[in-house]
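The data block below is run-v5.txt; it holds compact mmCIF, C-alpha atoms.
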# COMPACT_ATOMS: atom_id res chain seq x y z
CA MET A 816 41.05 10.10 -10.83
CA LEU A 817 38.06 11.56 -9.00
CA THR A 818 37.64 15.30 -9.44
CA CYS A 819 34.29 17.09 -9.34
CA ALA A 820 31.89 14.33 -8.28
CA PRO A 821 33.39 11.85 -5.78
CA ASP A 822 30.05 11.15 -4.10
CA ARG A 823 28.35 10.22 -7.38
CA SER A 824 31.27 7.94 -8.28
CA LEU A 825 31.10 6.20 -4.91
CA VAL A 826 27.37 5.61 -5.25
CA HIS A 827 27.94 4.17 -8.73
CA LEU A 828 30.58 1.78 -7.37
CA ILE A 829 28.28 0.64 -4.57
CA TYR A 830 25.31 -0.04 -6.81
CA SER A 831 27.40 -1.65 -9.54
CA GLY A 832 28.70 -4.20 -7.04
CA LEU A 833 32.38 -3.19 -7.56
CA PHE A 834 32.58 -1.94 -3.98
CA MET A 835 30.64 -3.63 -1.17
CA THR A 836 29.91 -2.29 2.29
CA TYR A 837 28.42 -4.50 4.99
CA ALA A 838 26.59 -3.53 8.19
CA LYS A 839 28.47 -5.34 10.92
CA ILE A 840 26.87 -5.87 14.34
CA THR A 841 29.48 -4.47 16.72
CA GLY A 842 27.41 -3.90 19.87
CA TRP A 843 24.47 -5.47 21.63
CA GLY A 844 22.55 -4.83 24.83
CA LYS A 845 19.27 -5.62 26.53
CA CYS A 846 17.15 -4.29 29.38
CA VAL A 847 14.47 -6.25 31.22
CA PRO A 848 12.78 -4.67 34.25
CA PRO A 849 13.35 -6.36 37.62
CA ALA A 850 9.71 -7.00 38.64
CA VAL A 851 8.72 -10.59 37.81
CA LEU A 852 5.08 -11.63 37.37
CA THR A 853 4.82 -15.42 37.60
CA ASN A 854 2.00 -17.66 36.45
CA ASP A 855 1.09 -18.25 40.09
CA ASP A 856 0.90 -14.48 40.63
CA LEU A 857 -1.49 -14.21 37.69
CA SER A 858 -3.70 -16.98 39.05
CA LYS A 859 -4.51 -14.80 42.05
CA PHE A 860 -6.53 -12.34 39.95
CA VAL A 861 -7.13 -14.20 36.66
CA ASP A 862 -9.01 -17.48 36.20
CA THR A 863 -5.92 -19.45 35.21
CA SER A 864 -3.12 -21.65 36.54
CA ASP A 865 0.56 -22.31 35.96
CA GLU A 866 -0.27 -25.60 34.21
CA TRP A 867 -2.85 -23.98 31.92
CA ILE A 868 -0.47 -21.20 30.83
CA LEU A 869 2.65 -23.34 30.52
CA SER A 870 0.99 -26.09 28.49
CA ARG A 871 -0.48 -23.64 25.97
CA THR A 872 2.28 -21.05 25.65
CA GLY A 873 5.53 -22.22 27.26
CA ILE A 874 5.53 -19.10 29.46
CA GLN A 875 6.40 -19.33 33.16
CA GLU A 876 6.92 -15.66 34.00
CA ARG A 877 7.20 -12.20 32.48
CA ARG A 878 8.58 -8.78 33.46
CA ILE A 879 6.52 -5.68 34.32
CA THR A 880 8.15 -2.29 33.93
CA HIS A 881 8.05 0.42 36.59
CA VAL A 882 9.53 3.00 34.19
CA GLU A 883 8.55 4.41 30.82
CA LEU A 884 9.42 2.61 27.59
CA SER A 885 12.06 5.23 26.71
CA GLU A 886 14.00 4.32 29.87
CA LEU A 887 14.06 0.62 28.96
CA ALA A 888 15.19 1.50 25.43
CA THR A 889 17.80 3.95 26.71
CA LEU A 890 19.51 1.41 28.97
CA ALA A 891 19.54 -1.23 26.21
CA ALA A 892 21.06 1.39 23.88
CA LYS A 893 23.72 2.42 26.41
CA ARG A 894 24.75 -1.21 26.90
CA ALA A 895 24.94 -1.74 23.12
CA LEU A 896 27.06 1.40 22.70
CA ALA A 897 29.43 0.24 25.43
CA ALA A 898 29.75 -3.19 23.82
CA ALA A 899 30.71 -1.46 20.56
CA GLY A 900 33.11 0.93 22.30
CA LEU A 901 31.14 3.94 21.07
CA GLU A 902 29.48 7.06 22.45
CA GLY A 903 26.04 8.37 21.54
CA SER A 904 27.64 11.21 19.58
CA ASP A 905 29.20 8.64 17.22
CA LEU A 906 25.77 7.62 15.89
CA ASP A 907 24.13 9.09 12.80
CA LEU A 908 20.80 7.21 12.91
CA ILE A 909 18.51 5.74 15.59
CA ILE A 910 15.65 3.40 14.67
CA LEU A 911 13.27 2.50 17.50
CA ALA A 912 10.88 -0.36 16.75
CA THR A 913 7.90 -0.18 19.10
CA ALA A 914 4.12 -0.35 19.24
CA SER A 915 3.92 1.20 22.70
CA GLY A 916 5.96 4.39 22.74
CA ASP A 917 5.79 6.98 25.50
CA SER A 918 3.89 9.25 23.14
CA LEU A 919 2.85 9.44 19.52
CA ILE A 920 4.09 13.02 19.20
CA PRO A 921 6.99 13.51 19.72
CA ASN A 922 8.46 10.16 18.82
CA THR A 923 10.06 8.08 21.56
CA ALA A 924 13.29 7.66 19.59
CA SER A 925 14.02 11.33 20.23
CA ALA A 926 13.82 10.72 23.99
CA VAL A 927 16.39 7.93 23.66
CA GLN A 928 18.51 10.19 21.46
CA ARG A 929 18.51 12.89 24.16
CA ASN A 930 19.25 10.37 26.92
CA ILE A 931 22.33 8.92 25.22
CA GLY A 932 23.67 12.22 23.85
CA ALA A 933 23.31 11.26 20.20
CA CYS A 934 23.51 14.88 19.05
CA ASN A 935 24.51 14.01 15.48
CA ALA A 936 21.84 11.41 14.76
CA ALA A 937 18.51 11.31 13.02
CA ALA A 938 15.88 9.40 15.01
CA PHE A 939 12.50 7.87 14.32
CA ASP A 940 10.00 5.28 15.57
CA GLN A 941 8.59 2.53 13.37
CA ASN A 942 5.73 0.19 14.18
CA ALA A 943 5.82 -3.25 12.60
CA ALA A 944 4.67 -4.79 15.91
CA CYS A 945 6.52 -8.01 16.81
CA SER A 946 8.45 -7.94 13.50
CA GLY A 947 9.70 -4.42 14.24
CA PHE A 948 13.27 -5.21 15.28
CA LEU A 949 13.95 -7.24 12.13
CA TYR A 950 12.34 -4.52 10.02
CA GLY A 951 14.65 -2.02 11.74
CA LEU A 952 17.68 -4.24 11.19
CA GLN A 953 16.97 -4.36 7.47
CA MET A 954 16.39 -0.58 7.32
CA GLY A 955 19.61 0.18 9.17
CA THR A 956 21.57 -2.23 6.99
CA ALA A 957 20.18 -0.65 3.83
CA MET A 958 21.11 2.83 5.01
CA ILE A 959 24.69 1.72 5.65
CA LYS A 960 24.97 -0.20 2.37
CA SER A 961 23.73 2.86 0.47
CA GLY A 962 26.47 4.99 2.00
CA VAL A 963 24.04 7.36 3.72
CA ASN A 964 24.94 6.28 7.27
CA ARG A 965 27.99 4.76 8.96
CA ARG A 966 26.77 3.91 12.47
CA VAL A 967 23.17 2.98 13.23
CA LEU A 968 21.46 2.07 16.50
CA VAL A 969 18.50 -0.31 16.11
CA ILE A 970 16.28 -0.84 19.16
CA GLY A 971 13.31 -3.14 19.72
CA ALA A 972 11.27 -2.18 22.80
CA ASP A 973 7.71 -2.70 24.01
CA ARG A 974 5.52 -2.59 27.11
CA LEU A 975 2.40 -4.27 25.78
CA ASN A 976 1.19 -4.96 29.30
CA TYR A 977 -0.16 -1.43 29.04
CA TYR A 978 -2.79 -2.74 26.61
CA ILE A 979 -3.79 -5.90 28.46
CA ASN A 980 -7.28 -6.63 29.70
CA TRP A 981 -6.25 -8.19 33.00
CA ALA A 982 -9.70 -9.72 33.43
CA ASP A 983 -9.20 -12.01 30.44
CA ARG A 984 -6.85 -14.96 30.85
CA ALA A 985 -6.25 -15.48 27.14
CA SER A 986 -4.44 -12.16 26.72
CA ALA A 987 -3.33 -11.39 30.29
CA VAL A 988 -0.89 -14.31 30.37
CA LEU A 989 1.04 -13.59 27.18
CA PHE A 990 2.95 -10.35 27.30
CA GLY A 991 5.99 -8.92 29.07
CA ASP A 992 8.06 -5.74 28.94
CA GLY A 993 11.63 -5.23 27.78
CA ALA A 994 14.09 -3.79 25.26
CA GLY A 995 17.04 -4.93 23.17
CA ALA A 996 19.42 -3.07 20.87
CA VAL A 997 22.28 -3.52 18.43
CA ILE A 998 24.86 -1.23 16.84
CA LEU A 999 25.47 -1.54 13.10
CA GLU A 1000 28.70 -0.18 11.63
CA ALA A 1001 29.92 0.04 8.06
CA SER A 1002 32.53 -2.64 7.40
CA ASP A 1003 34.38 -4.39 4.59
CA ASP A 1004 33.94 -7.70 6.45
CA ALA A 1005 31.35 -9.95 4.82
CA CYS A 1006 29.05 -10.14 7.84
CA GLY A 1007 25.90 -8.64 9.30
CA LEU A 1008 22.53 -9.06 7.65
CA LEU A 1009 23.16 -10.96 4.42
CA ALA A 1010 19.57 -11.47 3.25
CA ALA A 1011 16.09 -10.47 4.36
CA LYS A 1012 12.52 -11.07 3.33
CA LEU A 1013 10.02 -8.65 4.86
CA GLY A 1014 6.33 -8.71 4.17
CA CYS A 1015 2.84 -7.95 5.36
CA ASP A 1016 -0.39 -9.96 5.03
CA PRO A 1017 -3.11 -7.29 5.31
CA GLU A 1018 -6.06 -9.51 4.37
CA ARG A 1019 -6.73 -10.41 8.00
CA ARG A 1020 -5.08 -7.50 9.81
CA ASP A 1021 -8.19 -7.38 11.99
CA ILE A 1022 -7.31 -10.61 13.83
CA LEU A 1023 -4.79 -8.81 16.05
CA GLU A 1024 -5.44 -5.25 17.15
CA VAL A 1025 -5.52 -2.79 20.03
CA GLN A 1026 -7.37 0.50 20.16
CA GLY A 1027 -5.84 3.10 22.46
CA PRO A 1028 -3.34 5.98 22.81
CA GLY A 1029 0.36 5.92 23.67
CA THR A 1030 1.65 4.98 27.10
CA TYR A 1031 3.02 8.30 28.35
CA VAL A 1032 0.11 8.61 30.79
CA ASP A 1033 0.51 5.80 33.31
CA ARG A 1034 -2.42 3.50 32.68
CA PHE A 1035 -1.66 1.69 35.93
CA HIS A 1036 -2.92 4.74 37.83
CA THR A 1037 -6.17 5.13 35.91
CA SER A 1038 -9.32 3.07 35.46
CA ALA A 1039 -8.78 2.71 31.69
CA CYS A 1040 -9.11 -0.80 30.30
CA TYR A 1041 -7.91 -1.71 26.83
CA ASN A 1042 -8.22 -5.05 25.12
CA ILE A 1043 -5.89 -6.98 22.84
CA ALA A 1044 -8.31 -8.57 20.41
CA PHE A 1045 -6.91 -11.56 18.57
CA GLU A 1046 -7.86 -14.88 17.04
CA GLY A 1047 -5.28 -17.35 18.28
CA PRO A 1048 -5.80 -20.28 15.87
CA GLU A 1049 -5.79 -18.04 12.79
CA ILE A 1050 -2.70 -16.17 14.00
CA PHE A 1051 -0.93 -19.48 14.66
CA LYS A 1052 -1.54 -20.64 11.09
CA ARG A 1053 -0.55 -17.36 9.45
CA ALA A 1054 2.50 -16.94 11.71
CA ILE A 1055 3.88 -20.33 10.72
CA ASN A 1056 3.22 -19.80 7.02
CA GLY A 1057 4.56 -16.24 6.99
CA MET A 1058 7.75 -16.93 8.91
CA ASN A 1059 8.54 -20.20 7.12
CA SER A 1060 8.09 -18.63 3.69
CA ALA A 1061 10.18 -15.59 4.64
CA CYS A 1062 12.96 -17.78 6.05
CA GLN A 1063 13.09 -19.97 2.96
CA THR A 1064 13.36 -16.90 0.74
CA ALA A 1065 16.08 -15.33 2.88
CA LEU A 1066 18.07 -18.58 2.94
CA SER A 1067 17.81 -18.90 -0.83
CA ASP A 1068 18.91 -15.29 -1.35
CA ALA A 1069 21.88 -15.88 0.95
CA GLY A 1070 22.80 -19.07 -0.94
CA MET A 1071 22.25 -21.18 2.17
CA SER A 1072 20.05 -23.97 3.45
CA GLY A 1073 18.86 -24.91 6.93
CA SER A 1074 21.93 -27.11 7.42
CA ASP A 1075 24.17 -24.03 7.14
CA ILE A 1076 22.49 -22.33 10.10
CA ASP A 1077 24.14 -22.48 13.52
CA VAL A 1078 21.42 -20.73 15.54
CA ILE A 1079 17.76 -19.92 14.93
CA ILE A 1080 16.39 -16.94 16.85
CA PRO A 1081 12.60 -16.80 16.40
CA HIS A 1082 10.13 -14.33 17.82
CA GLN A 1083 9.15 -15.57 21.28
CA ALA A 1084 5.34 -15.55 21.07
CA ASN A 1085 4.36 -19.14 21.72
CA LEU A 1086 6.47 -22.26 22.24
CA ARG A 1087 4.21 -24.28 19.96
CA ILE A 1088 4.81 -21.81 17.13
CA ILE A 1089 8.58 -21.99 17.70
CA GLN A 1090 8.57 -25.80 17.68
CA THR A 1091 6.40 -26.00 14.57
CA LEU A 1092 8.61 -23.51 12.70
CA ALA A 1093 11.76 -25.47 13.59
CA LYS A 1094 10.13 -28.68 12.34
CA LYS A 1095 9.14 -27.06 9.05
CA MET A 1096 12.69 -25.76 8.66
CA GLY A 1097 14.05 -29.23 9.32
CA VAL A 1098 16.15 -27.97 12.23
CA GLY A 1099 16.40 -29.61 15.65
CA MET A 1100 15.35 -27.63 18.72
CA GLU A 1101 18.93 -27.80 20.02
CA LYS A 1102 19.73 -25.08 17.47
CA VAL A 1103 16.79 -22.86 18.47
CA MET A 1104 17.14 -20.03 20.99
CA VAL A 1105 14.19 -20.12 23.41
CA ASN A 1106 13.66 -17.73 26.33
CA ILE A 1107 9.87 -17.32 26.22
CA HIS A 1108 9.61 -19.08 29.59
CA LYS A 1109 11.39 -16.14 31.24
CA TYR A 1110 9.90 -13.12 29.49
CA GLY A 1111 6.72 -14.04 27.61
CA ASN A 1112 6.03 -12.14 24.40
CA THR A 1113 7.95 -8.85 24.50
CA SER A 1114 6.82 -7.93 20.96
CA ALA A 1115 9.44 -5.83 19.10
CA ALA A 1116 11.96 -6.52 21.89
CA SER A 1117 11.59 -10.29 21.58
CA VAL A 1118 14.18 -11.11 18.90
CA ALA A 1119 16.56 -8.39 20.15
CA ILE A 1120 16.58 -9.77 23.72
CA ALA A 1121 16.98 -13.34 22.49
CA LEU A 1122 19.86 -12.30 20.23
CA CYS A 1123 21.67 -10.65 23.14
CA GLU A 1124 21.17 -13.68 25.37
CA ALA A 1125 22.36 -16.04 22.63
CA VAL A 1126 25.64 -14.09 22.57
CA GLU A 1127 25.86 -14.01 26.37
CA GLU A 1128 25.30 -17.77 26.60
CA GLY A 1129 27.94 -18.56 23.98
CA ARG A 1130 25.44 -19.91 21.48
CA ILE A 1131 26.63 -17.33 18.96
CA GLN A 1132 30.33 -17.57 18.09
CA ALA A 1133 32.55 -15.64 15.70
CA GLY A 1134 31.29 -16.29 12.17
CA SER A 1135 28.04 -17.97 13.25
CA ASN A 1136 25.23 -18.14 10.69
CA ILE A 1137 21.98 -16.97 12.29
CA LEU A 1138 18.44 -17.33 11.01
CA SER A 1139 15.81 -15.11 12.62
CA ALA A 1140 12.07 -14.79 12.04
CA ALA A 1141 9.15 -12.82 13.41
CA PHE A 1142 5.44 -12.26 12.90
CA GLY A 1143 3.23 -9.52 14.27
CA ALA A 1144 0.14 -7.34 13.99
CA GLY A 1145 -0.46 -5.95 10.56
CA LEU A 1146 0.06 -8.84 9.77
CA THR A 1147 3.80 -8.25 9.37
CA TYR A 1148 6.39 -10.98 8.97
CA ALA A 1149 10.15 -11.21 8.49
CA GLY A 1150 12.90 -13.73 7.89
CA VAL A 1151 16.58 -12.75 7.89
CA VAL A 1152 20.00 -14.39 7.62
CA ILE A 1153 22.81 -12.85 9.67
CA LYS A 1154 26.50 -13.73 9.75
CA TRP A 1155 28.06 -12.75 13.04
CA GLY A 1156 31.36 -10.88 13.05
CA ASP A 1157 34.63 -11.70 14.76
CA ARG A 1158 33.83 -10.44 18.27
CA VAL A 1159 31.47 -11.94 20.86
CA THR A 1160 32.66 -10.03 23.92
CA PRO A 1161 31.86 -6.38 24.68
CA ILE A 1162 34.65 -3.82 24.26
CA ARG A 1163 33.46 -2.37 27.55
CA THR A 1164 30.54 -2.65 29.95
CA ILE A 1165 28.67 -0.09 32.05
CA ASP A 1166 27.27 -0.09 35.57
CA ASP A 1167 24.07 1.81 34.67
CA GLU A 1168 20.84 0.25 35.92
CA LEU A 1169 17.16 1.17 35.97
CA PRO A 1170 15.94 3.19 38.97
CA PRO A 1171 15.14 0.90 41.95
CA CYS A 1172 11.68 -0.66 41.92
CA ASP A 1173 10.00 -0.67 45.34
CA LYS A 1174 6.92 -2.64 44.26
CA SER A 1175 6.26 -6.21 43.22
CA ALA A 1176 4.95 -6.92 39.74
CA SER A 1177 1.53 -7.70 41.23
CA GLU A 1178 1.52 -4.33 42.97
CA LEU A 1179 2.53 -2.54 39.77
CA VAL A 1180 -0.51 -3.88 37.92
CA SER A 1181 -2.98 -3.86 40.82
CA SER A 1182 -4.82 -0.66 39.89
CA ALA A 1183 -5.00 -1.76 36.24
CA VAL A 1184 -6.41 -5.11 37.31
CA GLU A 1185 -9.05 -3.37 39.39
CA GLY A 1186 -9.97 -1.11 36.47
CA CYS A 1187 -10.29 -4.04 34.08
CA LEU A 1188 -12.43 -6.06 36.47
CA GLN A 1189 -14.72 -3.08 36.90
CA ALA A 1190 -14.90 -2.38 33.16
CA THR A 1191 -15.64 -6.04 32.46
CA ALA A 1192 -18.42 -6.06 35.06
CA GLU A 1193 -19.91 -2.92 33.51
CA GLY A 1194 -19.59 -4.32 29.97
CA THR A 1195 -17.42 -1.43 28.77
CA VAL A 1196 -14.62 -3.57 27.30
CA ASN A 1197 -14.91 -4.53 23.63
CA PHE A 1198 -15.03 -8.31 23.26
CA ALA A 1199 -16.22 -8.37 19.66
CA ARG A 1200 -13.41 -10.83 18.94
CA SER A 1201 -12.73 -12.50 22.24
CA PRO A 1202 -9.12 -13.77 22.40
CA LYS A 1203 -8.68 -17.51 22.02
CA LEU A 1204 -5.59 -19.62 22.62

Structure rendered as C-alpha cells:
Amino acid sequence: MLTCAPDRSLVHLIYSGLFMTYAKITGWGKCVPPAVLTNDDLSKFVDTSDEWILSRTGIQERRITHVELSELATLAAKRALAAAGLEGSDLDLIILATASGDSLIPNTASAVQRNIGACNAAAFDQNAACSGFLYGLQMGTAMIKSGVNRRVLVIGADRLNYYINWADRASAVLFGDGAGAVILEASDDACGLLAAKLGCDPERRDILEVQGPGTYVDRFHTSACYNIAFEGPEIFKRAINGMNSACQTALSDAGMSGSDIDVIIPHQANLRIIQTLAKKMGVGMEKVMVNIHKYGNTSAASVAIALCEAVEEGRIQAGSNILSAAFGAGLTYAGVVIKWGDRVTPIRTIDDELPPCDKSASELVSSAVEGCLQATAEGTVNFARSPKL
C-alpha cells in the first residue's frame, strides 16, 4: 500500500520496467504556405533550369512563406491538436524544432504557446537543424516515459529561404518553408517511438553553416544577403553514413529488421540521398515516402510534413512500423523506429488557414533577390566555401 511517497514508488516502477508508459502519437498536422516557387520561376533570376535542378535534387517546386515562422508553426499545431481532440490548455510541454525562429530572445515556442492558448505548458526551441523534429520526438517521448509530462506537442518548422543567397544556384534551388507537428500522449498501448539513435558528427561541422540573426525582421524588405555555405559531396557522404548507421542501431534496439518496416520517412533533402539510403537499407522505393518534388528541403519541418502526408495518403495504417531518418547541420543525425497507433483519422478538423497571400512567390523574394545580386556584384557575400551540388 502506498502511503507517504507515491511519486517515488511510481518512478521506481517505471525505471524497473514493471510499469511501462508509451508516448502515443494521437494528433498530426502540417502547414505549407500557398505561394509556390517553381524551377522555371527560379530560372528567371538564377542561372539554372528545371532540368538542372530536377536531375540533381529531385525538386520541382518549393513554398515561400508570407508570414512569420511562428504562424506556420501555430497552424500546424492547431491542426494536430484538432486531430487529437485536444485544446491548447491540455498540453504540458511544447518543443519547437527550428533553425530559423522569429527571434532568438524570446523563443518562438512561446509565441506558438500564446497563439494556441497552452497556458499550462512549458515551451522551448531546440536547434538540431534538419534532424530537429526527430530530436524533439525523442525528447517528448522521454519526458512522457519518465512520468514528467502527459501531453506533449512536438513541432518541426523552418523558413530557411531567409538565409538563401539568391544569386547562387547551388543553394537557391534547395530550400522551402513549412511546418509539421504531432501530439504525444501517455498510453499503455505499445506504440509511438520504440527506439531512437541520435548523434552528432562535429568533426566537419563547418561544411554546412549560416551566419546571421533570427528572422523576426523581414529580410525580404532589406538589402541583407546571407549565404548557406556547404560542401555538397562531403555532406552527401556523411548524410548517408550517419542516417544508415542510426537506422541500423534503432532497428536493432527495437528488435526489428528492414523487412519489418512498412514505411520509411526520410528527411527530404535530396532524392539521390533518399534513394541511396533505401538501397543501403535493402528496402524498395515503393516503401519510401517522397515529397521533395513538392516542397524542397524544409529542414526541421521535412520529416514532420512527410509523416502527415503519409497518414493522409493512407500509406500509414493502424499498427504500421515506421522507420525515419534525418541529417542536418552540426552535423546532427537521427534514426528512429515508430509504431503507429490504432487511429489514422483525425478526431476533428478545423477551418483555420493562413492569412491570404496577395503576392506570388517570385514577388515575395524579389527584394531579397535584388539585394543578393547587388551584394554579389560588390563582393560582400562570403563565398569562402562556395556551395557545390

Within 12 Å of segment 868-892 of chain A, which residues of segment 1134-1172 of chain A show up? Give each one with its shortest atom-to-atom distance in Å (one decimal) and the two atoms involved, counting all atoms listed in the file, rows by chain then rising residue number, as a tab-separated table.
residue	atom	partner	partner_atom	distance
A:Thr1164	CA	A:Ala891	CA	11.7
A:Ile1165	CA	A:Leu890	CA	9.8
A:Asp1166	CA	A:Leu890	CA	10.3
A:Asp1167	CA	A:Leu890	CA	7.3
A:Glu1168	CA	A:Leu890	CA	7.2
A:Leu1169	CA	A:Leu890	CA	7.4
A:Pro1170	CA	A:Val882	CA	8.0
A:Pro1171	CA	A:His881	CA	8.9
A:Cys1172	CA	A:His881	CA	6.5

Report as JSON the centre and the edge lengths, in Å to one decimal, of the axis-aligned box holding every listed atom of segment 993-998 of chain A, padded by 3 Å on each side.
{"center_x": 18.2, "center_y": -3.2, "center_z": 22.3, "size_x": 19.2, "size_y": 10.0, "size_z": 16.9}

Residue among A:Ala1133, A:Ala1119, A:Cys934, A:Ile1076 lying closest to Thr913 of chain A, counting only C-alpha atoms: A:Ala1119

Distance query 10 Å from (8.8, -20.1, 6.8) using all atoms listed in the file, result as a PyMOL selection string: chain A and resi 1054-1065+1092-1093+1095-1096+1140-1141+1148-1150

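The interatomic distance for the pair atom CA of Val997 of chain A and atom CA of Gly1014 of chain A works out to 22.0 Å.
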
Name the residues in contact with segment 899-904 of chain A at a cut-off of 12 Å, using all atoms listed in the file, excluding same-chain residues fewer than 3 positions from it; report them as a PDB file with C-alpha atoms, in the frame of the given file.
ATOM      1  CA  LYS A 839      28.470  -5.340  10.920  1.00  0.00           C
ATOM      2  CA  ILE A 840      26.870  -5.870  14.340  1.00  0.00           C
ATOM      3  CA  THR A 841      29.480  -4.470  16.720  1.00  0.00           C
ATOM      4  CA  GLY A 842      27.410  -3.900  19.870  1.00  0.00           C
ATOM      5  CA  TRP A 843      24.470  -5.470  21.630  1.00  0.00           C
ATOM      6  CA  GLY A 844      22.550  -4.830  24.830  1.00  0.00           C
ATOM      7  CA  THR A 889      17.800   3.950  26.710  1.00  0.00           C
ATOM      8  CA  ALA A 892      21.060   1.390  23.880  1.00  0.00           C
ATOM      9  CA  LYS A 893      23.720   2.420  26.410  1.00  0.00           C
ATOM     10  CA  ARG A 894      24.750  -1.210  26.900  1.00  0.00           C
ATOM     11  CA  ALA A 895      24.940  -1.740  23.120  1.00  0.00           C
ATOM     12  CA  LEU A 896      27.060   1.400  22.700  1.00  0.00           C
ATOM     13  CA  ASP A 907      24.130   9.090  12.800  1.00  0.00           C
ATOM     14  CA  LEU A 908      20.800   7.210  12.910  1.00  0.00           C
ATOM     15  CA  ILE A 909      18.510   5.740  15.590  1.00  0.00           C
ATOM     16  CA  VAL A 927      16.390   7.930  23.660  1.00  0.00           C
ATOM     17  CA  GLN A 928      18.510  10.190  21.460  1.00  0.00           C
ATOM     18  CA  ARG A 929      18.510  12.890  24.160  1.00  0.00           C
ATOM     19  CA  ASN A 930      19.250  10.370  26.920  1.00  0.00           C
ATOM     20  CA  ILE A 931      22.330   8.920  25.220  1.00  0.00           C
ATOM     21  CA  GLY A 932      23.670  12.220  23.850  1.00  0.00           C
ATOM     22  CA  ALA A 933      23.310  11.260  20.200  1.00  0.00           C
ATOM     23  CA  CYS A 934      23.510  14.880  19.050  1.00  0.00           C
ATOM     24  CA  ASN A 935      24.510  14.010  15.480  1.00  0.00           C
ATOM     25  CA  ALA A 936      21.840  11.410  14.760  1.00  0.00           C
ATOM     26  CA  ALA A 937      18.510  11.310  13.020  1.00  0.00           C
ATOM     27  CA  ARG A 966      26.770   3.910  12.470  1.00  0.00           C
ATOM     28  CA  VAL A 967      23.170   2.980  13.230  1.00  0.00           C
ATOM     29  CA  LEU A 968      21.460   2.070  16.500  1.00  0.00           C
ATOM     30  CA  ALA A 996      19.420  -3.070  20.870  1.00  0.00           C
ATOM     31  CA  VAL A 997      22.280  -3.520  18.430  1.00  0.00           C
ATOM     32  CA  ILE A 998      24.860  -1.230  16.840  1.00  0.00           C
ATOM     33  CA  LEU A 999      25.470  -1.540  13.100  1.00  0.00           C
ATOM     34  CA  GLU A1000      28.700  -0.180  11.630  1.00  0.00           C
ATOM     35  CA  ARG A1158      33.830 -10.440  18.270  1.00  0.00           C
ATOM     36  CA  VAL A1159      31.470 -11.940  20.860  1.00  0.00           C
ATOM     37  CA  THR A1160      32.660 -10.030  23.920  1.00  0.00           C
ATOM     38  CA  PRO A1161      31.860  -6.380  24.680  1.00  0.00           C
ATOM     39  CA  ILE A1162      34.650  -3.820  24.260  1.00  0.00           C
ATOM     40  CA  ARG A1163      33.460  -2.370  27.550  1.00  0.00           C
ATOM     41  CA  THR A1164      30.540  -2.650  29.950  1.00  0.00           C
ATOM     42  CA  ILE A1165      28.670  -0.090  32.050  1.00  0.00           C
TER      43      ILE A1165
END

Between atom CA of Ala987 of chain A and atom CA of Ser918 of chain A, distance in Å (one decimal): 23.0 Å

When you get a chance, write out all heavy atoms for segment 1002-1006 of chain A, as a PDB file, keeping the file's coordinate frame.
ATOM      1  N   SER A1002      31.349  -1.781   7.342  1.00  0.00           N
ATOM      2  CA  SER A1002      32.530  -2.640   7.400  1.00  0.00           C
ATOM      3  C   SER A1002      32.774  -3.292   6.049  1.00  0.00           C
ATOM      4  O   SER A1002      31.842  -3.508   5.274  1.00  0.00           O
ATOM      5  CB  SER A1002      32.333  -3.713   8.478  1.00  0.00           C
ATOM      6  OG  SER A1002      33.390  -4.653   8.473  1.00  0.00           O
ATOM      7  N   ASP A1003      34.041  -3.619   5.789  1.00  0.00           N
ATOM      8  CA  ASP A1003      34.380  -4.390   4.590  1.00  0.00           C
ATOM      9  C   ASP A1003      34.252  -5.883   4.841  1.00  0.00           C
ATOM     10  O   ASP A1003      34.299  -6.676   3.902  1.00  0.00           O
ATOM     11  CB  ASP A1003      35.814  -4.078   4.157  1.00  0.00           C
ATOM     12  CG  ASP A1003      35.975  -2.638   3.694  1.00  0.00           C
ATOM     13  OD1 ASP A1003      34.976  -2.061   3.231  1.00  0.00           O
ATOM     14  OD2 ASP A1003      37.097  -2.095   3.814  1.00  0.00           O
ATOM     15  N   ASP A1004      34.099  -6.288   6.115  1.00  0.00           N
ATOM     16  CA  ASP A1004      33.940  -7.700   6.450  1.00  0.00           C
ATOM     17  C   ASP A1004      32.590  -8.207   5.956  1.00  0.00           C
ATOM     18  O   ASP A1004      31.569  -7.539   6.147  1.00  0.00           O
ATOM     19  CB  ASP A1004      34.040  -7.920   7.963  1.00  0.00           C
ATOM     20  CG  ASP A1004      35.405  -7.532   8.518  1.00  0.00           C
ATOM     21  OD1 ASP A1004      36.368  -7.489   7.736  1.00  0.00           O
ATOM     22  OD2 ASP A1004      35.491  -7.240   9.728  1.00  0.00           O
ATOM     23  N   ALA A1005      32.596  -9.377   5.357  1.00  0.00           N
ATOM     24  CA  ALA A1005      31.350  -9.950   4.820  1.00  0.00           C
ATOM     25  C   ALA A1005      30.526 -10.552   5.948  1.00  0.00           C
ATOM     26  O   ALA A1005      30.497 -11.766   6.150  1.00  0.00           O
ATOM     27  CB  ALA A1005      31.665 -10.990   3.754  1.00  0.00           C
ATOM     28  N   CYS A1006      29.862  -9.686   6.718  1.00  0.00           N
ATOM     29  CA  CYS A1006      29.050 -10.140   7.840  1.00  0.00           C
ATOM     30  C   CYS A1006      27.890  -9.177   8.043  1.00  0.00           C
ATOM     31  O   CYS A1006      27.705  -8.246   7.277  1.00  0.00           O
ATOM     32  CB  CYS A1006      29.890 -10.265   9.107  1.00  0.00           C
ATOM     33  SG  CYS A1006      30.652  -8.722   9.621  1.00  0.00           S
TER      34      CYS A1006
END
